[in-house]
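> Have a look at the structure that comes next, please.
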Amino acid sequence: MFQKWKDRIDVTDIVMWLIGLTLLSLVLWGSISTLRAGLYTGRHWVDFLIFGLAQGSIYALIATGYTMVYGVLKMINFAHGEVFMSGPFTAYFVAIALWQSDFLDNYPIIGLMIIFLSSMAVSTTIAYFLEKIAYRPLRGAPRLIPLITAIGASFFLQYLFLGLYGSGIQAYPDMEILTGFWMVAGVRILRIQVVVIIASVLLMVALYSFIMLTRVGKAIRAVSEDKEAAALMGISVDGMISTTFVIGGMAAGAAGVLYALMYKQVYFFMGFIPGLKAFTAAVLGGIGNIPGAMLGGLFLGLIESVGPSLFLDGLGIVAPYQLKDAIAFTMLVMVLIFRPTGIMGERLSAKKA
Amino acid sequence: MAMLEVQNVHAYYGKIHALKNVSLKIEKGEIVTLIGGNGAGKSTTLRTISGLLKPREGAILLNGENLADYKAHQIVTKGITQVPEGRRIFGQLTVTENLDMGAFICRDKKLIAENVERIFEMFPRLNERRKQVAGTLSGGEQQMLAMGRALMSNPEILLLDEPSMGLAPVLVDAVFETIQKLHAAGTTILLVEQNARMALQVASRGYVIQTGEVVLHDVADSLLNNDMVRKSYMGEN
Ligand SMILES: Nc1ncnc2c1ncn2[C@@H]1O[C@H](COP(=O)(O)OP(=O)(O)OP(=O)(O)O)[C@@H](O)[C@H]1O
Ligand SMILES: [Mg+2]
């Protein structure tokens with residue numbers, strides 16, 4: 001009995017478990033001391049929660065793009081952060097034009113729609129051509145090759161947009177309907193955060209229904225499982241892969257505008273960190289699994305928003321909020337070590353592939 | 001003119017020369033069987049007809065038209081559907097969704113609904129499990145689903161790759177019954193089987209393939225009585 005255990009467990013396992021346990025106890029210890037010290041009131045926690053949900057729903061929208069592309073191509077599209085950047089960065093100029101002509105003040109809803117549509121159109125176009133030009137010729141090549149290409153494409157797109165629009169950090173014009181807050185049961189809730197959450201949830205419901213209920217959505221799932229069998233059913237595998245990039249691009253373009261409205265900044269490098277976070281979210285939820293990516297995004301957003309104050313404040317760390325990225329990526333590493341299939345397991349992608 | 005004609009086809013997997021000058025003909029309404037041992041090139045022949053693999057030399061003609069420029073998914077719209085070896089159903093999709101995928105080329109909702117009903121009549125077991133995720137079906141049920149899925153496209157020619165593989169004897173009989181029913185309904189069938197005896201009993205003609213080459217072809221009755229066929233493929237001495 002004991003002999004068997006000894007054979008199966010090696011030193012690295014033990015070290016990993018020790019690291020995991022240490023982190024877990026730090027988190028617990030920190031949380032308990034924070035709560036004991038009573039540094040934050042219920043209002044603060046609600047603030048953190050709602051901000052976390054808003055930020056998380058943006059991650060969730062981007063993460064669907066990673067996870068669906070992984071589903072059909074079994075590859076991580078590391079240029080997806082740039083797909084996310086290209087739309088809102090371009091739509092910034094649309095927003096400014098609408099604002100200068102007073103259109104945005106007179107017709108804010110229509111104005112926002114135009115901004116969203118232009119951002120989605122650009123992100124979608126970039127995603128579509130990215131697949132067609134950079135990835136399609138490498139279909140069937142060893143897995144490392146498209147991965148390196150994706151990183152190259154990511155740089156290419158960053159510098160393309162740097163060249164096109166300059167290196168400055170721009171801000172979307174302020175819109176009255178998105179500023180201020182609502183009072184709900186004595187708690188202040190920022191309007192923009194509510195708008196972000198509602199818009200993201202609507203988009204995610206639409207996306208998920210499309211994948212689950214429509215003919216093309218089912219065909220995308222079929223291609224994710226078995227490309228040859230799908231082709232034998234008359235499904236155009238290339239067509240479905242393109243469609244997947246288009247849907248991912250649309251979600252990323254919409255997420256990009258929400259991000260720009262919430263964080264008030266667009267620039268050529270804006271896709272990098274959110275892209276990595278969304279990738280983390282997709283892995284958390286089990287790469288290839290669409291609801292998993294959505295939940296993973298929300299979860300990551302919440303942890304990033306609540307975590308620094310909850311886990312770190314009580315440990316006496318001076319600027320806990322500066323460490324939110326560290327929390328996110330520590331979580332990525334922990335998931336990769338202890339549960340590589342993600343929280344929800346790998347469901348959409350075929351195990352036999 | 002034959003309905004489907006494979007003319008002097010050579011096909012390769014990289015450097016492996018998998019089909020060497022393979023020729024065969026199938027007339028409308030016929031059942032033709034292709035028999036051979038493991039690795040002989042039976043699946044490769046079907047894959048080449050379906051366009052998953054393109055011949056390096058030779059041609060595949062459907063009613064005289066060369067299929068060289070059609071991709072695999074377009075060949076389905078031409079009327080050729082394959083039930084691949086090992087079923088390859090979509091395990092994460094439900095039974096009904098699998099059937100929907102079989103009807104992917106068909107845009108007529110009413111026709112699809114009729115086809116689903118027809119297939120549920122043919123395989124009542126599938127009807128009982130229509131909402132079930134296909135990966136959890138038994139092997140026999142999966143084979144029924146694979147056949148049903150292929151029939152959803154109303155194929156004129158059905159390519160069957162070892163439909164009886166891994167099935168209990170009762171189910172093997174059921175599969176062959178289905179094949180005969182489809183034949184009676186006018187479907188042309190190219191049947192690949194390891195179970196040569198049963199295949200030759202339903203087929204009108206047969207081809208024997210060895211290491212990528214067609215070594216023999218004849219009417220089914222003669223093949224059933226051929227010494228070489230009996231020895232090599234029916235386990236007789
Ligand atoms: N994807 C592939 N890559 C390389 N070689 C292959 C591939 N598929 C088949 N082959 C080779 O081509 C030859 C023919 O294989 P094929 O699958 O057509 O045989 P088969 O007659 O269907 O055999 P079985 O009865 O075992 O299914 C074999 O030598 C096989 O090893
Ligand atoms: Mg085979």
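We name chains A, B, ... following the order of the structure tokens; residues begin at 1 in each chain, and ligands are numbered from 1 as shown.
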Given a cut-off of 7 Å, what residues near ligand 1 show up using only C-alpha atoms and all ligand atoms, put as a compact mmCIF listing (two decimals) with N, CA and C atoms, in the first residue's frame?


```txt
# COMPACT_ATOMS: atom_id res chain seq x y z
N TYR B 13 -0.62 8.45 -48.65
CA TYR B 13 -0.53 9.17 -47.38
C TYR B 13 0.93 9.55 -47.25
N GLY B 14 1.28 10.76 -47.54
CA GLY B 14 2.70 11.13 -47.56
C GLY B 14 3.41 10.27 -48.58
N ILE B 16 3.49 6.91 -48.32
CA ILE B 16 2.87 5.58 -48.40
C ILE B 16 1.91 5.52 -49.59
N ALA B 18 -0.96 4.11 -50.90
CA ALA B 18 -2.05 3.33 -50.29
C ALA B 18 -2.98 2.71 -51.32
N GLY B 36 -11.44 -7.15 -48.15
CA GLY B 36 -9.98 -7.18 -48.05
C GLY B 36 -9.57 -7.21 -46.60
N GLY B 37 -8.32 -7.56 -46.37
CA GLY B 37 -7.83 -7.68 -44.99
C GLY B 37 -7.52 -6.33 -44.38
N ASN B 38 -6.99 -6.36 -43.17
CA ASN B 38 -6.62 -5.12 -42.50
C ASN B 38 -5.53 -4.40 -43.27
N GLY B 39 -5.74 -3.11 -43.44
CA GLY B 39 -4.71 -2.30 -44.11
C GLY B 39 -4.66 -2.49 -45.61
N ALA B 40 -5.68 -3.13 -46.20
CA ALA B 40 -5.65 -3.39 -47.64
C ALA B 40 -5.92 -2.13 -48.45
N GLY B 41 -6.63 -1.19 -47.85
CA GLY B 41 -6.95 0.04 -48.57
C GLY B 41 -8.44 0.26 -48.79
N LYS B 42 -9.26 -0.46 -48.05
CA LYS B 42 -10.72 -0.32 -48.22
C LYS B 42 -11.18 1.06 -47.78
N SER B 43 -10.81 1.43 -46.55
CA SER B 43 -11.23 2.76 -46.07
C SER B 43 -10.65 3.85 -46.93
N THR B 44 -9.41 3.64 -47.36
CA THR B 44 -8.78 4.66 -48.20
C THR B 44 -9.57 4.84 -49.50
N THR B 45 -10.05 3.74 -50.05
CA THR B 45 -10.87 3.85 -51.28
C THR B 45 -12.10 4.73 -51.01
N GLN B 194 -15.54 -6.66 -43.40
CA GLN B 194 -14.62 -7.76 -43.09
C GLN B 194 -15.42 -9.06 -43.09
N GLY B 212 -3.57 -2.44 -51.42
CA GLY B 212 -3.80 -1.30 -52.29
C GLY B 212 -4.13 -1.62 -53.73
```

> Would you mind listing, as a PyMOL selection string, all residues of chain A that have at least one atom within 9 Å of chain B, where only C-alpha atoms are what counts?

chain A and resi 215-216+218-219+221-222+225-226+228-237+347-350

> Tell me which of B:Asn195, B:Val175, B:Lys28, B:Met1 sits closest to Leu61 (chain B), counting only C-alpha atoms.

B:Met1

> Tell me, in Å to one decimal, how far CA of Gly342 (chain A) is from CA of Leu295 (chain A).

11.1 Å

> Closest to Trp29 (chain A) among A:Pro320, A:Gly168, A:Gly256, A:Gly314, using only C-alpha atoms?

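Selected residue with least distance to Trp29 (chain A): A:Gly314.
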
> With only C-alpha atoms and all ligand atoms as the basis for distance, which of B:Tyr12, B:Val192, B:Val133, B:Ala199 is at the shortest distance from ligand 2?

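Smallest distance to ligand 2 is found for B:Val192.
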
> Name the closest residue to ligand 2 among the candidates B:Ile209, B:Leu158, B:Met122, B:Leu145; distances are taken between atoms, counting only C-alpha atoms and all ligand atoms.

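Closest to ligand 2, using only C-alpha atoms and all ligand atoms: B:Ile209.
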
> For Ile114 (chain A), find every residue with an atom within 12 Å (counting only C-alpha atoms), except residues of its own chain fewer than 2 positions away, and show them as a short mmCIF file (atom, residue, chain, number, x, y, z; two decimals) with N, CA, C and O atoms, in the first residue's frame.


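Dumped everything to selection06.cif:
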```
data_model
loop_
_atom_site.label_atom_id
_atom_site.label_comp_id
_atom_site.auth_asym_id
_atom_site.auth_seq_id
_atom_site.Cartn_x
_atom_site.Cartn_y
_atom_site.Cartn_z
N PRO A 88 -12.42 48.82 -30.72
CA PRO A 88 -12.65 50.06 -29.97
C PRO A 88 -11.66 51.16 -30.32
O PRO A 88 -12.00 52.35 -30.24
N ALA A 91 -13.13 52.55 -33.37
CA ALA A 91 -14.42 53.19 -33.08
C ALA A 91 -14.23 54.48 -32.28
O ALA A 91 -15.14 55.31 -32.24
N TYR A 92 -13.06 54.64 -31.67
CA TYR A 92 -12.78 55.88 -30.96
C TYR A 92 -12.94 57.07 -31.90
O TYR A 92 -13.53 58.10 -31.54
N PHE A 93 -12.45 56.92 -33.12
CA PHE A 93 -12.54 58.03 -34.07
C PHE A 93 -13.99 58.28 -34.48
O PHE A 93 -14.41 59.41 -34.69
N VAL A 94 -14.76 57.21 -34.57
CA VAL A 94 -16.19 57.35 -34.84
C VAL A 94 -16.86 58.10 -33.69
O VAL A 94 -17.63 59.03 -33.91
N ALA A 95 -16.50 57.70 -32.47
CA ALA A 95 -17.10 58.33 -31.30
C ALA A 95 -16.79 59.83 -31.27
O ALA A 95 -17.67 60.65 -31.00
N ILE A 96 -15.52 60.16 -31.57
CA ILE A 96 -15.13 61.56 -31.54
C ILE A 96 -15.89 62.35 -32.61
O ILE A 96 -16.40 63.45 -32.36
N ALA A 97 -16.01 61.75 -33.79
CA ALA A 97 -16.74 62.44 -34.87
C ALA A 97 -18.19 62.67 -34.46
O ALA A 97 -18.75 63.76 -34.66
N LEU A 98 -18.81 61.67 -33.87
CA LEU A 98 -20.21 61.80 -33.44
C LEU A 98 -20.34 62.85 -32.35
O LEU A 98 -21.31 63.60 -32.29
N TRP A 99 -19.35 62.91 -31.49
CA TRP A 99 -19.37 63.83 -30.38
C TRP A 99 -19.20 65.27 -30.88
O TRP A 99 -19.91 66.18 -30.46
N PHE A 103 -24.03 64.84 -32.34
CA PHE A 103 -24.96 63.73 -32.54
C PHE A 103 -25.04 62.89 -31.27
O PHE A 103 -26.11 62.46 -30.85
N LEU A 104 -23.86 62.68 -30.64
CA LEU A 104 -23.80 61.81 -29.47
C LEU A 104 -24.61 62.38 -28.31
O LEU A 104 -25.16 61.63 -27.51
N TYR A 107 -28.58 62.15 -29.71
CA TYR A 107 -29.12 60.80 -29.85
C TYR A 107 -28.15 59.80 -29.22
O TYR A 107 -27.48 59.03 -29.92
N PRO A 108 -28.05 59.81 -27.90
CA PRO A 108 -27.00 58.98 -27.27
C PRO A 108 -27.15 57.49 -27.57
O PRO A 108 -26.15 56.81 -27.78
N ILE A 109 -28.39 57.00 -27.59
CA ILE A 109 -28.56 55.55 -27.79
C ILE A 109 -28.13 55.15 -29.20
O ILE A 109 -27.35 54.21 -29.39
N ILE A 110 -28.63 55.90 -30.20
CA ILE A 110 -28.25 55.60 -31.57
C ILE A 110 -26.75 55.78 -31.74
O ILE A 110 -26.07 54.96 -32.39
N GLY A 111 -26.22 56.82 -31.11
CA GLY A 111 -24.79 57.07 -31.19
C GLY A 111 -23.99 55.88 -30.66
O GLY A 111 -23.06 55.39 -31.30
N LEU A 112 -24.41 55.37 -29.49
CA LEU A 112 -23.73 54.22 -28.91
C LEU A 112 -23.81 53.00 -29.83
O LEU A 112 -22.84 52.27 -30.00
N PHE A 116 -20.77 50.85 -31.24
CA PHE A 116 -20.67 49.40 -31.07
C PHE A 116 -20.53 48.69 -32.41
O PHE A 116 -19.67 47.83 -32.60
N LEU A 117 -21.41 49.07 -33.34
CA LEU A 117 -21.40 48.37 -34.63
C LEU A 117 -20.08 48.58 -35.36
O LEU A 117 -19.53 47.65 -35.95
N SER A 118 -19.54 49.80 -35.28
CA SER A 118 -18.28 50.00 -36.01
C SER A 118 -17.15 49.22 -35.35
O SER A 118 -16.32 48.62 -36.04
N SER A 119 -17.15 49.18 -34.02
CA SER A 119 -16.11 48.42 -33.34
C SER A 119 -16.22 46.93 -33.68
O SER A 119 -15.22 46.26 -34.00
N MET A 120 -17.45 46.41 -33.63
CA MET A 120 -17.64 44.99 -33.93
C MET A 120 -17.26 44.69 -35.37
O MET A 120 -16.66 43.64 -35.65
N ALA A 121 -17.59 45.61 -36.27
CA ALA A 121 -17.25 45.37 -37.68
C ALA A 121 -15.75 45.27 -37.87
O ALA A 121 -15.25 44.37 -38.56
N ALA A 254 -17.43 44.06 -29.25
CA ALA A 254 -18.40 44.62 -28.31
C ALA A 254 -17.74 44.78 -26.94
O ALA A 254 -17.89 45.83 -26.28
N VAL A 257 -15.60 47.95 -26.70
CA VAL A 257 -16.28 49.22 -26.45
C VAL A 257 -16.66 49.33 -24.98
O VAL A 257 -16.46 50.38 -24.34
#
```

> Just the residues within 10 Å of Ser23 (chain B), please, counting only C-alpha atoms, with nothing from its chain fewer than 4 positions along; format it as a VMD selection string.

chain B and resid 5 to 10 19 45 58 to 60 207 213 to 214

> Restrict the selected residues to all heavy atoms and save them as a CSV table (one decimal), in the first residue's frame.


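The resulting file, again_13.csv, is reproduced below:
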```
chain,number,residue,atom,x,y,z
B,5,GLU,N,-17.8,5.7,-60.9
B,5,GLU,CA,-16.6,5.0,-61.5
B,5,GLU,C,-15.3,5.5,-60.9
B,5,GLU,O,-15.1,6.7,-60.9
B,5,GLU,CB,-16.7,5.2,-63.0
B,5,GLU,CG,-15.8,4.2,-63.7
B,5,GLU,CD,-16.0,4.3,-65.3
B,5,GLU,OE1,-17.0,4.9,-65.7
B,5,GLU,OE2,-15.2,3.7,-66.0
B,6,VAL,N,-14.6,4.6,-60.4
B,6,VAL,CA,-13.2,4.9,-59.9
B,6,VAL,C,-12.3,4.4,-61.0
B,6,VAL,O,-12.3,3.2,-61.3
B,6,VAL,CB,-13.0,4.2,-58.5
B,6,VAL,CG1,-11.5,4.4,-58.1
B,6,VAL,CG2,-13.9,4.7,-57.5
B,7,GLN,N,-11.5,5.3,-61.6
B,7,GLN,CA,-10.6,5.0,-62.7
B,7,GLN,C,-9.2,5.1,-62.4
B,7,GLN,O,-8.7,6.2,-62.2
B,7,GLN,CB,-10.9,5.9,-63.9
B,7,GLN,CG,-12.2,5.6,-64.6
B,7,GLN,CD,-12.4,6.6,-65.8
B,7,GLN,OE1,-11.8,7.6,-65.8
B,7,GLN,NE2,-13.3,6.2,-66.7
B,8,ASN,N,-8.5,3.9,-62.3
B,8,ASN,CA,-7.0,3.9,-62.2
B,8,ASN,C,-6.5,4.9,-61.1
B,8,ASN,O,-5.6,5.6,-61.4
B,8,ASN,CB,-6.4,4.2,-63.5
B,8,ASN,CG,-6.9,3.4,-64.6
B,8,ASN,OD1,-7.8,3.9,-65.4
B,8,ASN,ND2,-6.5,2.1,-64.7
B,9,VAL,N,-7.1,4.8,-59.9
B,9,VAL,CA,-6.7,5.8,-58.9
B,9,VAL,C,-5.5,5.3,-58.1
B,9,VAL,O,-5.3,4.2,-57.7
B,9,VAL,CB,-7.9,6.0,-57.9
B,9,VAL,CG1,-7.4,6.6,-56.6
B,9,VAL,CG2,-9.0,6.9,-58.6
B,10,HIS,N,-4.6,6.3,-58.0
B,10,HIS,CA,-3.4,6.1,-57.1
B,10,HIS,C,-3.6,7.2,-56.0
B,10,HIS,O,-3.8,8.3,-56.3
B,10,HIS,CB,-2.1,6.4,-57.8
B,10,HIS,CG,-1.8,5.4,-58.8
B,10,HIS,ND1,-0.9,4.3,-58.6
B,10,HIS,CD2,-2.2,5.2,-60.1
B,10,HIS,CE1,-0.8,3.6,-59.7
B,10,HIS,NE2,-1.6,4.1,-60.6
B,19,LEU,N,-3.2,3.4,-52.5
B,19,LEU,CA,-4.0,2.8,-53.5
B,19,LEU,C,-3.2,2.8,-54.8
B,19,LEU,O,-2.6,3.8,-55.2
B,19,LEU,CB,-5.3,3.6,-53.8
B,19,LEU,CG,-6.3,3.7,-52.6
B,19,LEU,CD1,-7.5,4.5,-53.1
B,19,LEU,CD2,-6.7,2.3,-52.1
B,45,THR,N,-10.1,3.7,-50.1
B,45,THR,CA,-10.9,3.9,-51.3
B,45,THR,C,-12.1,4.7,-51.0
B,45,THR,O,-12.4,5.6,-51.8
B,45,THR,CB,-11.3,2.4,-51.7
B,45,THR,OG1,-10.1,1.6,-51.9
B,45,THR,CG2,-12.0,2.5,-53.1
B,58,GLY,N,-5.4,9.3,-61.7
B,58,GLY,CA,-6.7,8.7,-61.9
B,58,GLY,C,-7.8,9.6,-61.6
B,58,GLY,O,-7.6,10.8,-61.2
B,59,ALA,N,-9.0,9.1,-61.8
B,59,ALA,CA,-10.2,10.0,-61.6
B,59,ALA,C,-11.3,9.3,-61.0
B,59,ALA,O,-11.4,8.0,-61.0
B,59,ALA,CB,-10.6,10.5,-63.0
B,60,ILE,N,-12.2,10.0,-60.4
B,60,ILE,CA,-13.5,9.5,-59.8
B,60,ILE,C,-14.6,10.2,-60.5
B,60,ILE,O,-14.7,11.4,-60.5
B,60,ILE,CB,-13.5,9.7,-58.3
B,60,ILE,CG1,-12.4,8.8,-57.7
B,60,ILE,CG2,-14.9,9.3,-57.7
B,60,ILE,CD1,-12.1,9.1,-56.3
B,207,TYR,N,-15.5,-6.7,-55.1
B,207,TYR,CA,-14.1,-6.5,-55.5
B,207,TYR,C,-13.2,-6.9,-54.3
B,207,TYR,O,-13.6,-6.7,-53.2
B,207,TYR,CB,-13.8,-5.0,-55.7
B,207,TYR,CG,-14.5,-4.4,-57.0
B,207,TYR,CD1,-15.8,-4.1,-57.0
B,207,TYR,CD2,-13.7,-4.3,-58.2
B,207,TYR,CE1,-16.4,-3.6,-58.2
B,207,TYR,CE2,-14.3,-3.7,-59.3
B,207,TYR,CZ,-15.7,-3.4,-59.3
B,207,TYR,OH,-16.2,-2.9,-60.4
B,213,GLU,N,-4.2,-2.9,-54.0
B,213,GLU,CA,-4.5,-3.3,-55.4
B,213,GLU,C,-5.8,-4.1,-55.5
B,213,GLU,O,-6.0,-5.0,-54.7
B,213,GLU,CB,-3.4,-4.1,-56.0
B,213,GLU,CG,-2.2,-3.2,-56.5
B,213,GLU,CD,-1.1,-4.1,-57.0
B,213,GLU,OE1,-0.3,-4.6,-56.2
B,213,GLU,OE2,-0.9,-4.2,-58.2
B,214,VAL,N,-6.6,-3.9,-56.5
B,214,VAL,CA,-7.7,-4.8,-56.7
B,214,VAL,C,-7.2,-6.0,-57.4
B,214,VAL,O,-6.6,-6.0,-58.5
B,214,VAL,CB,-8.8,-4.1,-57.6
B,214,VAL,CG1,-9.9,-5.1,-58.0
B,214,VAL,CG2,-9.4,-2.9,-56.9
```

> From a DSSP pass on the backbone, collect the residues of region 64-207 of chain A flagged as strand (DSSP E or B) and hand them back as a VMD selection string.

chain A and resid 170 181 to 184 187 to 190

> Got time to write the residues from that selection, N, CA and C atoms, as a PDB file, in the first residue's frame?


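Everything below was put into selection_11.pdb:
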```pdb
ATOM      1  N   GLN A 170      -5.965  57.365 -25.775  1.00  0.00           N
ATOM      2  CA  GLN A 170      -7.130  58.210 -26.039  1.00  0.00           C
ATOM      3  C   GLN A 170      -8.272  57.827 -25.106  1.00  0.00           C
ATOM      4  N   PHE A 181     -24.637  57.638 -10.988  1.00  0.00           N
ATOM      5  CA  PHE A 181     -24.923  56.357 -10.340  1.00  0.00           C
ATOM      6  C   PHE A 181     -26.398  56.267 -10.043  1.00  0.00           C
ATOM      7  N   TRP A 182     -26.816  55.071  -9.722  1.00  0.00           N
ATOM      8  CA  TRP A 182     -28.156  54.854  -9.208  1.00  0.00           C
ATOM      9  C   TRP A 182     -28.048  54.480  -7.747  1.00  0.00           C
ATOM     10  N   MET A 183     -29.056  54.863  -6.969  1.00  0.00           N
ATOM     11  CA  MET A 183     -29.096  54.398  -5.587  1.00  0.00           C
ATOM     12  C   MET A 183     -30.019  53.195  -5.534  1.00  0.00           C
ATOM     13  N   VAL A 184     -29.485  52.065  -5.125  1.00  0.00           N
ATOM     14  CA  VAL A 184     -30.344  50.892  -4.955  1.00  0.00           C
ATOM     15  C   VAL A 184     -30.221  50.443  -3.508  1.00  0.00           C
ATOM     16  N   VAL A 187     -27.402  51.753  -1.638  1.00  0.00           N
ATOM     17  CA  VAL A 187     -26.051  51.525  -2.155  1.00  0.00           C
ATOM     18  C   VAL A 187     -25.914  52.248  -3.487  1.00  0.00           C
ATOM     19  N   ARG A 188     -24.775  52.928  -3.639  1.00  0.00           N
ATOM     20  CA  ARG A 188     -24.509  53.610  -4.902  1.00  0.00           C
ATOM     21  C   ARG A 188     -23.988  52.618  -5.919  1.00  0.00           C
ATOM     22  N   ILE A 189     -24.648  52.594  -7.080  1.00  0.00           N
ATOM     23  CA  ILE A 189     -24.161  51.695  -8.127  1.00  0.00           C
ATOM     24  C   ILE A 189     -23.862  52.528  -9.361  1.00  0.00           C
ATOM     25  N   LEU A 190     -22.635  52.446  -9.828  1.00  0.00           N
ATOM     26  CA  LEU A 190     -22.264  53.243 -10.999  1.00  0.00           C
ATOM     27  C   LEU A 190     -23.033  52.767 -12.222  1.00  0.00           C
TER      28      LEU A 190
END
```

> In Å, rounded to a single decimal, give me how far CA of Leu167 (chain B) is from CA of Phe123 (chain B).

15.7 Å

> Extract, using only C-alpha atoms, all DNA, RNA and protein residues at most 9 Å from Leu157 (chain A), discarding same-chain residues fewer than 3 positions from it, and format them as a list in words.

Ala79, Glu82, Val83, Ser86, Ile126, Gly152, Ala153, Ser154, Leu160, Phe161, Leu162 and Phe268 of chain A

> Please report, as a PyMOL selection string, each residue of region 5-229 of chain B to which DSSP assigns alpha helix (DSSP H) when run on this structure's backbone.

chain B and resi 42-50+72-77+95-102+109-122+124-128+139-151+169-184+196-202+220-224+227-229

> Residues within 12 Å of Gly186 (chain B), please, as a list in words. Count only C-alpha atoms; anything in the same chain fewer than 6 positions from it doesn't count.

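Once the nearby chain positions are removed, what remains is Glu27, Lys28, Gly29, Glu30, Ile31, Asn154, Pro155, Glu156, Ile157, Leu158, Ile179 and Gln180 of chain B.
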
> Looking at only C-alpha atoms, which of A:Val194, A:Met85, A:Leu284, A:Leu261 is the one that sits closest to Gln158 (chain A)?

A:Met85

> Which residue out of A:Val46, A:Met270, A:Leu298, A:Ile290 has the minimum interatomic distance to Ala185 (chain A) when only C-alpha atoms are used?

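So, comparing all the options, the nearest one is A:Val46.
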